[in-house]
>>> print(open('work21.txt').read())   # compact mmCIF, C-alpha atoms and all ligand atoms
# COMPACT_ATOMS: atom_id res chain seq x y z
CA MET A 380 88.76 125.79 75.30
CA LYS A 381 89.41 125.39 78.98
CA GLU A 382 87.94 122.44 80.76
CA ARG A 383 85.01 123.47 82.93
CA LEU A 384 85.72 122.88 86.59
CA THR A 385 83.45 122.59 89.58
CA MET A 386 83.77 121.71 93.26
CA ASP A 387 82.76 118.65 95.21
CA CYS A 388 82.23 119.81 98.79
CA GLY A 389 81.97 118.43 102.30
CA ALA A 390 81.40 120.47 105.43
CA LEU A 391 81.46 119.85 109.16
CA TYR A 392 80.89 122.02 112.17
CA LEU A 393 81.72 121.34 115.77
CA SER A 394 80.23 123.75 118.27
CA LYS A 395 82.13 124.19 121.51
CA GLY A 396 78.91 124.97 123.29
CA LYS A 397 76.95 122.57 125.42
CA SER A 398 73.18 122.57 125.59
CA GLU A 399 72.65 126.23 126.48
CA ASN A 400 74.58 127.37 123.42
CA PHE A 401 74.16 124.36 121.27
CA GLN A 402 74.58 125.97 117.89
CA GLY A 403 77.61 128.02 118.79
CA ASP A 404 78.84 131.14 117.02
CA ASP A 405 79.77 129.72 113.60
CA ALA A 406 77.59 129.19 110.55
CA HIS A 407 78.23 128.03 107.02
CA PHE A 408 76.60 127.08 103.74
CA VAL A 409 77.40 124.88 100.79
CA CYS A 410 75.68 125.82 97.55
CA ALA A 411 76.84 122.96 95.38
CA ALA A 412 74.83 123.86 92.29
CA LYS A 413 76.47 127.27 92.17
CA GLY A 414 79.91 126.11 93.26
CA THR A 415 79.79 128.48 96.19
CA ILE A 416 80.66 127.99 99.86
CA GLY A 417 80.80 130.28 102.84
CA VAL A 418 81.63 130.48 106.54
CA ALA A 419 80.86 133.03 109.22
CA ASP A 420 81.86 133.39 112.85
CA GLY A 421 79.75 135.51 115.17
CA VAL A 422 81.92 137.68 117.39
CA GLY A 423 81.90 136.20 120.90
CA GLY A 424 82.10 139.59 122.65
CA TRP A 425 78.35 140.02 122.11
CA TRP A 426 77.63 137.42 124.78
CA SER A 427 78.59 140.04 127.37
CA ARG A 428 75.61 142.09 126.13
CA ASN A 429 73.30 139.08 126.23
CA VAL A 430 73.28 138.86 122.44
CA ASP A 431 73.80 135.47 120.79
CA PRO A 432 76.27 136.28 117.98
CA GLY A 433 75.59 132.90 116.37
CA LYS A 434 72.17 134.16 115.36
CA TYR A 435 73.80 136.97 113.41
CA ALA A 436 76.23 134.59 111.71
CA ARG A 437 73.46 132.13 110.81
CA GLN A 438 71.23 134.88 109.45
CA LEU A 439 74.14 136.27 107.42
CA MET A 440 74.84 132.88 105.84
CA GLN A 441 71.15 132.23 105.24
CA ASN A 442 70.92 135.61 103.52
CA CYS A 443 73.93 134.70 101.35
CA VAL A 444 72.05 131.59 100.23
CA GLU A 445 68.98 133.73 99.47
CA ALA A 446 71.11 136.23 97.53
CA ILE A 447 72.59 133.38 95.49
CA LYS A 448 69.14 131.95 94.80
CA ASP A 449 67.95 135.38 93.66
CA ARG A 450 70.63 135.33 91.02
CA ALA A 451 69.71 131.83 89.91
CA GLY A 452 69.23 132.93 86.29
CA GLU A 453 72.64 134.53 86.09
CA LYS A 454 75.69 132.62 85.08
CA ASP A 455 78.18 133.91 87.60
CA ILE A 456 78.10 134.56 91.28
CA ASP A 457 80.00 137.60 92.51
CA PRO A 458 80.96 136.87 96.13
CA LYS A 459 81.31 140.48 97.24
CA THR A 460 77.91 141.40 95.80
CA VAL A 461 76.36 138.39 97.51
CA LEU A 462 78.02 139.14 100.83
CA LEU A 463 77.08 142.83 100.77
CA LYS A 464 73.47 142.02 99.90
CA ALA A 465 73.33 139.48 102.72
CA TYR A 466 74.91 141.97 105.11
CA ASN A 467 72.42 144.69 104.21
CA GLU A 468 69.58 142.31 104.92
CA THR A 469 70.91 141.10 108.24
CA LYS A 470 69.34 143.43 110.75
CA LEU A 471 69.97 141.51 113.96
CA GLU A 472 72.13 142.69 116.80
CA GLY A 473 75.56 141.16 116.56
CA SER A 474 78.50 140.97 114.21
CA SER A 475 80.45 138.33 112.37
CA THR A 476 83.48 137.60 110.24
CA ALA A 477 82.72 136.07 106.86
CA CYS A 478 84.39 134.41 103.93
CA ILE A 479 82.57 133.28 100.83
CA LEU A 480 84.05 131.74 97.75
CA THR A 481 82.91 130.66 94.32
CA LEU A 482 84.60 128.83 91.47
CA LYS A 483 84.23 130.35 88.01
CA ASN A 484 86.42 130.31 84.92
CA ASN A 485 89.02 128.16 86.65
CA HIS A 486 89.55 130.74 89.38
CA LEU A 487 88.37 130.99 92.94
CA HIS A 488 86.73 134.33 93.59
CA ALA A 489 86.36 135.15 97.27
CA ALA A 490 85.12 137.93 99.49
CA ASN A 491 86.67 137.90 102.93
CA LEU A 492 86.42 139.97 106.08
CA GLY A 493 88.15 139.04 109.32
CA ASP A 494 89.95 135.93 110.40
CA SER A 495 88.02 133.19 108.65
CA GLY A 496 89.66 132.08 105.42
CA PHE A 497 90.82 129.32 103.14
CA LEU A 498 93.84 127.66 101.68
CA VAL A 499 94.52 125.83 98.43
CA ILE A 500 96.53 122.60 98.32
CA ARG A 501 97.91 121.51 94.95
CA GLU A 502 99.88 118.32 94.41
CA GLY A 503 100.62 118.05 98.10
CA GLU A 504 101.70 121.64 98.67
CA VAL A 505 99.93 124.69 100.08
CA VAL A 506 99.94 127.12 97.16
CA TYR A 507 97.70 129.81 98.65
CA LYS A 508 96.42 131.05 102.00
CA SER A 509 94.01 133.94 102.28
CA PRO A 510 95.15 136.90 104.39
CA ILE A 511 93.60 137.77 107.78
CA GLN A 512 92.14 141.22 108.32
CA GLN A 513 92.17 142.47 111.87
CA TYR A 514 92.65 145.60 113.94
CA GLU A 515 94.95 143.83 116.33
CA PHE A 516 95.49 140.42 117.89
CA ASN A 517 92.19 138.56 118.35
CA HIS A 518 90.16 141.54 117.10
CA PRO A 519 89.09 140.84 113.52
CA TYR A 520 87.25 143.12 111.15
CA GLN A 521 83.58 142.19 111.21
CA LEU A 522 80.24 142.74 109.55
CA GLY A 523 77.63 144.20 111.87
CA LYS A 524 75.02 146.88 112.24
CA ASN A 525 76.59 150.34 112.51
CA ILE A 526 80.06 148.91 112.00
CA PRO A 527 81.85 150.42 108.98
CA ASP A 528 84.16 147.45 108.45
CA TRP A 529 82.12 146.24 105.45
CA LYS A 530 84.16 148.72 103.41
CA LYS A 531 87.18 146.57 104.09
CA ILE A 532 85.80 143.39 102.53
CA GLU A 533 88.71 142.02 100.55
CA GLU A 534 88.21 140.46 97.13
CA LEU A 535 90.54 137.63 96.26
CA LYS A 536 91.14 135.82 92.99
CA VAL A 537 93.13 132.60 92.90
CA PRO A 538 93.70 130.32 89.89
CA VAL A 539 92.89 126.65 90.52
CA LYS A 540 93.55 123.40 88.73
CA LEU A 541 91.85 120.06 88.49
CA GLY A 542 92.49 118.07 91.69
CA ASP A 543 93.18 121.08 93.92
CA ILE A 544 91.87 120.78 97.45
CA ILE A 545 90.41 123.88 99.07
CA VAL A 546 90.10 123.98 102.85
CA MET A 547 87.96 126.76 104.26
CA GLY A 548 87.37 127.44 107.93
CA THR A 549 86.73 129.80 110.76
CA ASP A 550 89.43 130.79 113.23
CA GLY A 551 88.57 127.68 115.26
CA LEU A 552 90.37 125.84 112.48
CA LEU A 553 92.97 128.38 111.39
CA ASP A 554 94.08 129.37 114.91
CA ASN A 555 94.61 125.75 115.89
CA LEU A 556 96.22 124.17 112.84
CA ARG A 557 98.93 125.60 110.61
CA PRO A 558 98.66 125.34 106.84
CA SER A 559 101.44 122.73 107.04
CA ASP A 560 99.38 120.67 109.54
CA ILE A 561 96.32 120.83 107.29
CA LYS A 562 98.45 119.90 104.30
CA ALA A 563 99.81 116.87 106.19
CA ILE A 564 96.31 115.68 107.08
CA VAL A 565 95.08 116.07 103.51
CA ASN A 566 98.15 114.37 102.02
CA ASN A 567 97.94 111.52 104.48
CA HIS A 568 94.26 111.02 103.67
CA LEU A 569 94.89 111.06 99.92
CA SER A 570 97.83 108.67 100.08
CA GLN A 571 95.78 106.24 102.18
CA LYS A 572 93.06 106.41 99.54
CA GLU A 573 95.60 105.62 96.84
CA GLU A 574 96.83 102.63 98.78
CA GLU A 575 93.29 101.36 99.23
CA GLN A 576 92.67 101.76 95.52
CA CYS A 577 95.83 99.84 94.67
CA THR A 578 94.89 96.91 96.87
CA GLU A 579 91.33 96.77 95.56
CA ARG A 580 90.83 95.11 92.21
CA GLY A 581 88.12 96.05 89.77
CA GLU A 582 86.66 99.35 88.73
CA GLU A 583 83.55 99.09 90.89
CA GLN A 584 85.59 99.07 94.05
CA SER A 585 87.91 101.91 93.13
CA LYS A 586 85.00 104.09 92.05
CA LYS A 587 83.51 103.74 95.51
CA LYS A 588 86.75 104.92 97.07
CA GLU A 589 86.88 108.29 95.36
CA VAL A 590 88.03 111.19 97.47
CA ASP A 591 85.31 112.17 99.92
CA PRO A 592 85.65 115.84 100.92
CA GLU A 593 83.55 115.32 104.04
CA ALA A 594 85.85 112.54 105.24
CA ILE A 595 88.82 114.90 104.85
CA ALA A 596 86.90 117.65 106.64
CA GLU A 597 86.23 115.26 109.51
CA GLU A 598 89.90 114.37 109.90
CA ILE A 599 90.92 118.03 109.83
CA LEU A 600 88.22 118.86 112.35
CA GLN A 601 89.38 116.13 114.71
CA PHE A 602 92.95 117.39 114.66
CA ALA A 603 91.85 121.00 115.05
CA TYR A 604 89.73 120.01 118.04
CA THR A 605 92.60 118.09 119.61
CA ALA A 606 94.95 121.02 119.16
CA SER A 607 92.31 123.39 120.56
CA THR A 608 92.21 121.47 123.82
CA ASP A 609 95.98 121.03 124.11
CA GLY A 610 97.41 123.48 126.61
CA ASN A 611 100.97 122.94 125.43
CA ALA A 612 100.70 123.03 121.66
CA PHE A 613 102.42 125.91 119.92
CA THR A 614 99.44 126.64 117.71
CA PRO A 615 99.04 129.56 115.28
CA PHE A 616 97.02 131.21 118.07
CA ALA A 617 99.89 130.79 120.53
CA GLU A 618 102.30 132.14 117.95
CA ALA A 619 100.09 135.16 117.22
CA SER A 620 99.70 135.82 120.95
CA PHE A 621 103.50 135.73 121.28
CA THR A 622 103.90 138.22 118.42
CA ALA A 623 101.26 140.46 120.04
CA GLY A 624 103.40 140.86 123.16
CA THR A 625 104.10 139.26 126.49
CA GLU A 626 100.82 140.40 128.06
CA HIS A 627 98.92 138.35 125.45
CA PHE A 628 101.18 135.34 125.23
CA ARG A 629 99.94 131.92 126.19
CA MET A 630 100.73 128.50 124.93
CA GLY A 631 98.14 126.06 123.71
CA GLY A 632 95.20 125.90 121.38
CA LYS A 633 92.14 128.09 121.25
CA ARG A 634 88.89 126.53 122.42
CA ASP A 635 86.41 127.65 119.83
CA ASP A 636 83.69 126.57 117.47
CA ILE A 637 85.31 124.87 114.51
CA THR A 638 83.96 124.94 110.97
CA VAL A 639 85.73 123.08 108.17
CA ILE A 640 84.64 122.97 104.52
CA VAL A 641 86.69 120.89 102.11
CA ALA A 642 86.18 121.31 98.38
CA ARG A 643 87.85 119.28 95.68
CA VAL A 644 88.17 120.81 92.24
CA CYS A 645 86.82 118.35 89.69
CA ARG A 646 85.58 118.27 86.10
CA ALA A 647 82.11 119.72 85.75
CA SER A 648 81.07 116.63 83.80
CA HIS A 649 82.45 114.31 86.48
CA SER A 650 80.96 115.92 89.54
CA SER A 651 79.29 113.58 91.96
CA THR A 652 75.60 112.77 91.79
CA LEU A 653 75.15 114.62 95.03
CA LEU A 654 76.35 117.74 93.28
CA LEU A 655 74.20 117.28 90.21
CA LYS A 656 70.96 116.49 91.95
CA ASP A 657 71.29 119.61 94.07
CA ASP A 658 69.78 122.17 91.73
CA HIS A 659 69.06 124.50 94.54
CA CYS A 660 71.22 125.89 97.24
CA SER A 661 71.03 124.00 100.47
CA ALA A 662 69.99 125.94 103.50
CA VAL A 663 72.56 126.79 106.09
CA LYS A 664 73.96 123.45 107.04
CA LEU A 665 74.55 123.19 110.72
CA ILE A 666 75.77 120.09 112.43
CA PRO A 667 75.25 121.00 116.05
CA GLY A 668 74.67 117.43 117.14
CA LYS A 669 78.33 116.68 117.54
CA ALA A 670 78.85 118.20 120.96
CA THR A 671 82.39 117.91 122.15
CA ASP A 672 81.75 115.27 124.81
CA ALA A 673 80.12 113.05 122.20
CA TYR A 674 83.07 113.52 119.93
CA PRO A 675 86.26 112.16 121.43
CA PRO A 676 89.43 113.54 119.90
CA PRO A 677 91.68 111.15 118.02
CA ASP A 678 94.63 109.67 119.80
CA ILE A 679 97.55 111.71 118.56
CA SER A 680 100.77 112.40 120.36
CA CYS A 681 101.56 115.96 121.23
CA ALA A 682 105.04 117.11 122.08
CA GLU A 683 105.94 120.27 123.90
CA GLY A 684 106.19 123.14 121.50
CA GLY A 685 104.15 121.65 118.73
CA VAL A 686 101.53 119.28 117.55
CA ILE A 687 103.06 116.24 115.97
CA LEU A 688 101.13 115.09 112.95
CA PHE A 689 102.17 111.78 111.47
MN MN A 701 85.83 131.54 116.22
>>> encode(input="work21.txt", output="structure tokens")
Amino acid sequence: MKERLTMDCGALYLSKGKSENFQGDDAHFVCAAKGTIGVADGVGGWWSRNVDPGKYARQLMQNCVEAIKDRAGEKDIDPKTVLLKAYNETKLEGSSTACILTLKNNHLHAANLGDSGFLVIREGEVVYKSPIQQYEFNHPYQLGKNIPDWKKIEELKVPVKLGDIIVMGTDGLLDNLRPSDIKAIVNNHLSQKEEEQCTERGEEQSKKKEVDPEAIAEEILQFAYTASTDGNAFTPFAEASFTAGTEHFRMGGKRDDITVIVARVCRASHSSTLLLKDDHCSAVKLIPGKATDAYPPPDISCAEGGVILF
């Protein structure tokens, strides 16, 4: 019989907004007890109609949590069913991209629409990246009232193994860091942990230094933020703008809200106490307190044409 796997998760969100738009356009949830995570990104264009798209994204994620709770008695979560139910119950003005993912039977099952997404890192290599769905450059498919894009929700199924690291994010992450950048950050973090464990003696110490998904999420978020404010970096956004044609092209990162969720695939029996004590889904977890000016970027060197990581 296959070993039962679960996910140990950490999430962080950095809103680009200052006080008047403190919560930004992104939203996310971590439902540890059901091994399910999700991100959403309200479409910024709504601001021109005086609609706060973050409200739509937050309501959508909250409704996902409710839909998951409603199915509490059932063994498996079906991400597309959850997302469609949440969508149908989100009646606000606005629209949003969304990606939700659950781990069952040693596979990730995801429902994705738009340019949020996730990647899977196994033994130091990126083994999977979810596809983007968009009409054209910077115009993703989105869930919203009277928008038929919900029909284009893509279902994804990806096998995972013990120790895999899943990194999920909105375009604030994925437009600013390449999969290879994210891989480098994760690998660097893990190898530092190994070193620390080697220098520490005794089981007590090494237990305390287990991989902390939130610490990885924080490092990724810091690099994504730094790249987003770098006018010279050749980010995925710059590359996509180049591909879209000269009228779109510009170098640099994309200033945006950044959501990062890191999940580590672990044995169900070995999941952290945090995971086990959380019988119920947490509410939408927002960390709006980390406004950009209270969150200095790390000191990394950037060279023309690319972000140098390590
Ligand atoms: Mn965004």
>>> closest_residue(input="work21.txt", among="A:Lys464, A:Arg629, A:Arg437, A:Lys395", to="ligand MN 701 (chain A)", atoms="all atoms listed in the file")
A:Lys395
>>> residues_near_point(input="work21.txt", point="(81.0, 142.2, 107.8)", cutoff="12 Å", atoms="only C-alpha atoms", output="PDB file with C-alpha atoms, in the frame of the given file")
ATOM      1  CA  VAL A 418      81.630 130.480 106.540  1.00  0.00           C
ATOM      2  CA  ALA A 419      80.860 133.030 109.220  1.00  0.00           C
ATOM      3  CA  ASP A 420      81.860 133.390 112.850  1.00  0.00           C
ATOM      4  CA  GLY A 421      79.750 135.510 115.170  1.00  0.00           C
ATOM      5  CA  VAL A 422      81.920 137.680 117.390  1.00  0.00           C
ATOM      6  CA  TYR A 435      73.800 136.970 113.410  1.00  0.00           C
ATOM      7  CA  ALA A 436      76.230 134.590 111.710  1.00  0.00           C
ATOM      8  CA  LEU A 439      74.140 136.270 107.420  1.00  0.00           C
ATOM      9  CA  MET A 440      74.840 132.880 105.840  1.00  0.00           C
ATOM     10  CA  LYS A 459      81.310 140.480  97.240  1.00  0.00           C
ATOM     11  CA  VAL A 461      76.360 138.390  97.510  1.00  0.00           C
ATOM     12  CA  LEU A 462      78.020 139.140 100.830  1.00  0.00           C
ATOM     13  CA  LEU A 463      77.080 142.830 100.770  1.00  0.00           C
ATOM     14  CA  LYS A 464      73.470 142.020  99.900  1.00  0.00           C
ATOM     15  CA  ALA A 465      73.330 139.480 102.720  1.00  0.00           C
ATOM     16  CA  TYR A 466      74.910 141.970 105.110  1.00  0.00           C
ATOM     17  CA  ASN A 467      72.420 144.690 104.210  1.00  0.00           C
ATOM     18  CA  GLU A 468      69.580 142.310 104.920  1.00  0.00           C
ATOM     19  CA  THR A 469      70.910 141.100 108.240  1.00  0.00           C
ATOM     20  CA  GLY A 473      75.560 141.160 116.560  1.00  0.00           C
ATOM     21  CA  SER A 474      78.500 140.970 114.210  1.00  0.00           C
ATOM     22  CA  SER A 475      80.450 138.330 112.370  1.00  0.00           C
ATOM     23  CA  THR A 476      83.480 137.600 110.240  1.00  0.00           C
ATOM     24  CA  ALA A 477      82.720 136.070 106.860  1.00  0.00           C
ATOM     25  CA  CYS A 478      84.390 134.410 103.930  1.00  0.00           C
ATOM     26  CA  ILE A 479      82.570 133.280 100.830  1.00  0.00           C
ATOM     27  CA  ALA A 490      85.120 137.930  99.490  1.00  0.00           C
ATOM     28  CA  ASN A 491      86.670 137.900 102.930  1.00  0.00           C
ATOM     29  CA  LEU A 492      86.420 139.970 106.080  1.00  0.00           C
ATOM     30  CA  GLY A 493      88.150 139.040 109.320  1.00  0.00           C
ATOM     31  CA  ASP A 494      89.950 135.930 110.400  1.00  0.00           C
ATOM     32  CA  SER A 495      88.020 133.190 108.650  1.00  0.00           C
ATOM     33  CA  GLN A 512      92.140 141.220 108.320  1.00  0.00           C
ATOM     34  CA  GLN A 513      92.170 142.470 111.870  1.00  0.00           C
ATOM     35  CA  PRO A 519      89.090 140.840 113.520  1.00  0.00           C
ATOM     36  CA  TYR A 520      87.250 143.120 111.150  1.00  0.00           C
ATOM     37  CA  GLN A 521      83.580 142.190 111.210  1.00  0.00           C
ATOM     38  CA  LEU A 522      80.240 142.740 109.550  1.00  0.00           C
ATOM     39  CA  GLY A 523      77.630 144.200 111.870  1.00  0.00           C
ATOM     40  CA  LYS A 524      75.020 146.880 112.240  1.00  0.00           C
ATOM     41  CA  ASN A 525      76.590 150.340 112.510  1.00  0.00           C
ATOM     42  CA  ILE A 526      80.060 148.910 112.000  1.00  0.00           C
ATOM     43  CA  PRO A 527      81.850 150.420 108.980  1.00  0.00           C
ATOM     44  CA  ASP A 528      84.160 147.450 108.450  1.00  0.00           C
ATOM     45  CA  TRP A 529      82.120 146.240 105.450  1.00  0.00           C
ATOM     46  CA  LYS A 530      84.160 148.720 103.410  1.00  0.00           C
ATOM     47  CA  LYS A 531      87.180 146.570 104.090  1.00  0.00           C
ATOM     48  CA  ILE A 532      85.800 143.390 102.530  1.00  0.00           C
ATOM     49  CA  GLU A 533      88.710 142.020 100.550  1.00  0.00           C
TER      50      GLU A 533
END
>>> atom_distance(input="work21.txt", atom1="CA of Gly624 in chain A", atom2="CA of Gly423 in chain A")
22.1 Å
>>> residues_near_ligand(input="work21.txt", ligand="ligand MN 701 (chain A)", cutoff="7 Å", atoms="all atoms listed in the file", output="list in words")
Asp405, Asp420, Thr549, Asp550, Gly551, Asp635, Asp636 and Ile637 of chain A
>>> closest_residue(input="work21.txt", among="A:Phe602, A:Ala617, A:Val539, A:Leu556", to="Cys645 in chain A", atoms="only C-alpha atoms")
A:Val539
>>> atom_distance(input="work21.txt", atom1="CA of Leu393 in chain A", atom2="CA of Thr638 in chain A")
6.4 Å
>>> closest_residue(input="work21.txt", among="A:Leu384, A:Leu600, A:Leu487, A:Leu553", to="Phe616 in chain A", atoms="only C-alpha atoms")
A:Leu553
>>> atom_distance(input="work21.txt", atom1="CA of Glu382 in chain A", atom2="CA of Gly414 in chain A")
15.3 Å
>>> residues_around(input="work21.txt", residues="Val430 in chain A", least_positions_apart="3", cutoff="7 Å", atoms="all atoms listed in the file", output="ChimeraX atom specification")
/A:425-426,472-473
>>> closest_residue(input="work21.txt", among="A:Lys540, A:Ile545, A:Ser620, A:Val641", to="Tyr392 in chain A", atoms="all atoms listed in the file")
A:Val641
>>> build_atoms(input="work21.txt", residues="range 494-516 of chain A", atoms="N, CA and C atoms", output="short mmCIF file (atom, residue, chain, number, x, y, z; two decimals), keeping the file's coordinate frame")
data_model
loop_
_atom_site.label_atom_id
_atom_site.label_comp_id
_atom_site.auth_asym_id
_atom_site.auth_seq_id
_atom_site.Cartn_x
_atom_site.Cartn_y
_atom_site.Cartn_z
N ASP A 494 88.94 136.98 110.25
CA ASP A 494 89.95 135.93 110.40
C ASP A 494 89.47 134.53 110.02
N SER A 495 88.33 134.45 109.33
CA SER A 495 88.02 133.19 108.65
C SER A 495 88.85 133.19 107.36
N GLY A 496 88.88 132.07 106.66
CA GLY A 496 89.66 132.08 105.42
C GLY A 496 89.76 130.71 104.80
N PHE A 497 90.68 130.59 103.86
CA PHE A 497 90.82 129.32 103.14
C PHE A 497 92.24 129.16 102.63
N LEU A 498 92.56 127.91 102.34
CA LEU A 498 93.84 127.66 101.68
C LEU A 498 93.64 126.67 100.54
N VAL A 499 94.59 126.68 99.62
CA VAL A 499 94.52 125.83 98.43
C VAL A 499 95.73 124.90 98.45
N ILE A 500 95.45 123.60 98.34
CA ILE A 500 96.53 122.60 98.32
C ILE A 500 96.56 121.99 96.92
N ARG A 501 97.75 122.05 96.31
CA ARG A 501 97.91 121.51 94.95
C ARG A 501 99.10 120.55 94.94
N GLU A 502 98.83 119.34 94.49
CA GLU A 502 99.88 118.32 94.41
C GLU A 502 100.69 118.25 95.70
N GLY A 503 99.98 118.26 96.82
CA GLY A 503 100.62 118.05 98.10
C GLY A 503 101.22 119.27 98.75
N GLU A 504 101.12 120.43 98.09
CA GLU A 504 101.70 121.64 98.67
C GLU A 504 100.64 122.72 98.85
N VAL A 505 100.82 123.53 99.90
CA VAL A 505 99.93 124.69 100.08
C VAL A 505 100.39 125.77 99.10
N VAL A 506 99.54 126.12 98.16
CA VAL A 506 99.94 127.12 97.16
C VAL A 506 99.29 128.48 97.42
N TYR A 507 98.33 128.51 98.35
CA TYR A 507 97.70 129.81 98.65
C TYR A 507 97.07 129.77 100.04
N LYS A 508 97.20 130.87 100.77
CA LYS A 508 96.42 131.05 102.00
C LYS A 508 95.89 132.47 102.01
N SER A 509 94.61 132.60 102.29
CA SER A 509 94.01 133.94 102.28
C SER A 509 94.51 134.75 103.48
N PRO A 510 94.65 136.06 103.29
CA PRO A 510 95.15 136.90 104.39
C PRO A 510 94.07 137.15 105.44
N ILE A 511 94.51 137.42 106.66
CA ILE A 511 93.60 137.77 107.78
C ILE A 511 93.48 139.29 107.82
N GLN A 512 92.29 139.77 108.13
CA GLN A 512 92.14 141.22 108.32
C GLN A 512 91.69 141.48 109.75
N GLN A 513 92.52 142.18 110.47
CA GLN A 513 92.17 142.47 111.87
C GLN A 513 92.77 143.79 112.32
N TYR A 514 92.12 144.37 113.35
CA TYR A 514 92.65 145.60 113.94
C TYR A 514 93.91 145.30 114.73
N GLU A 515 93.82 144.24 115.49
CA GLU A 515 94.95 143.83 116.33
C GLU A 515 94.71 142.38 116.70
N PHE A 516 95.60 141.81 117.48
CA PHE A 516 95.49 140.42 117.89
C PHE A 516 94.10 140.10 118.43
#
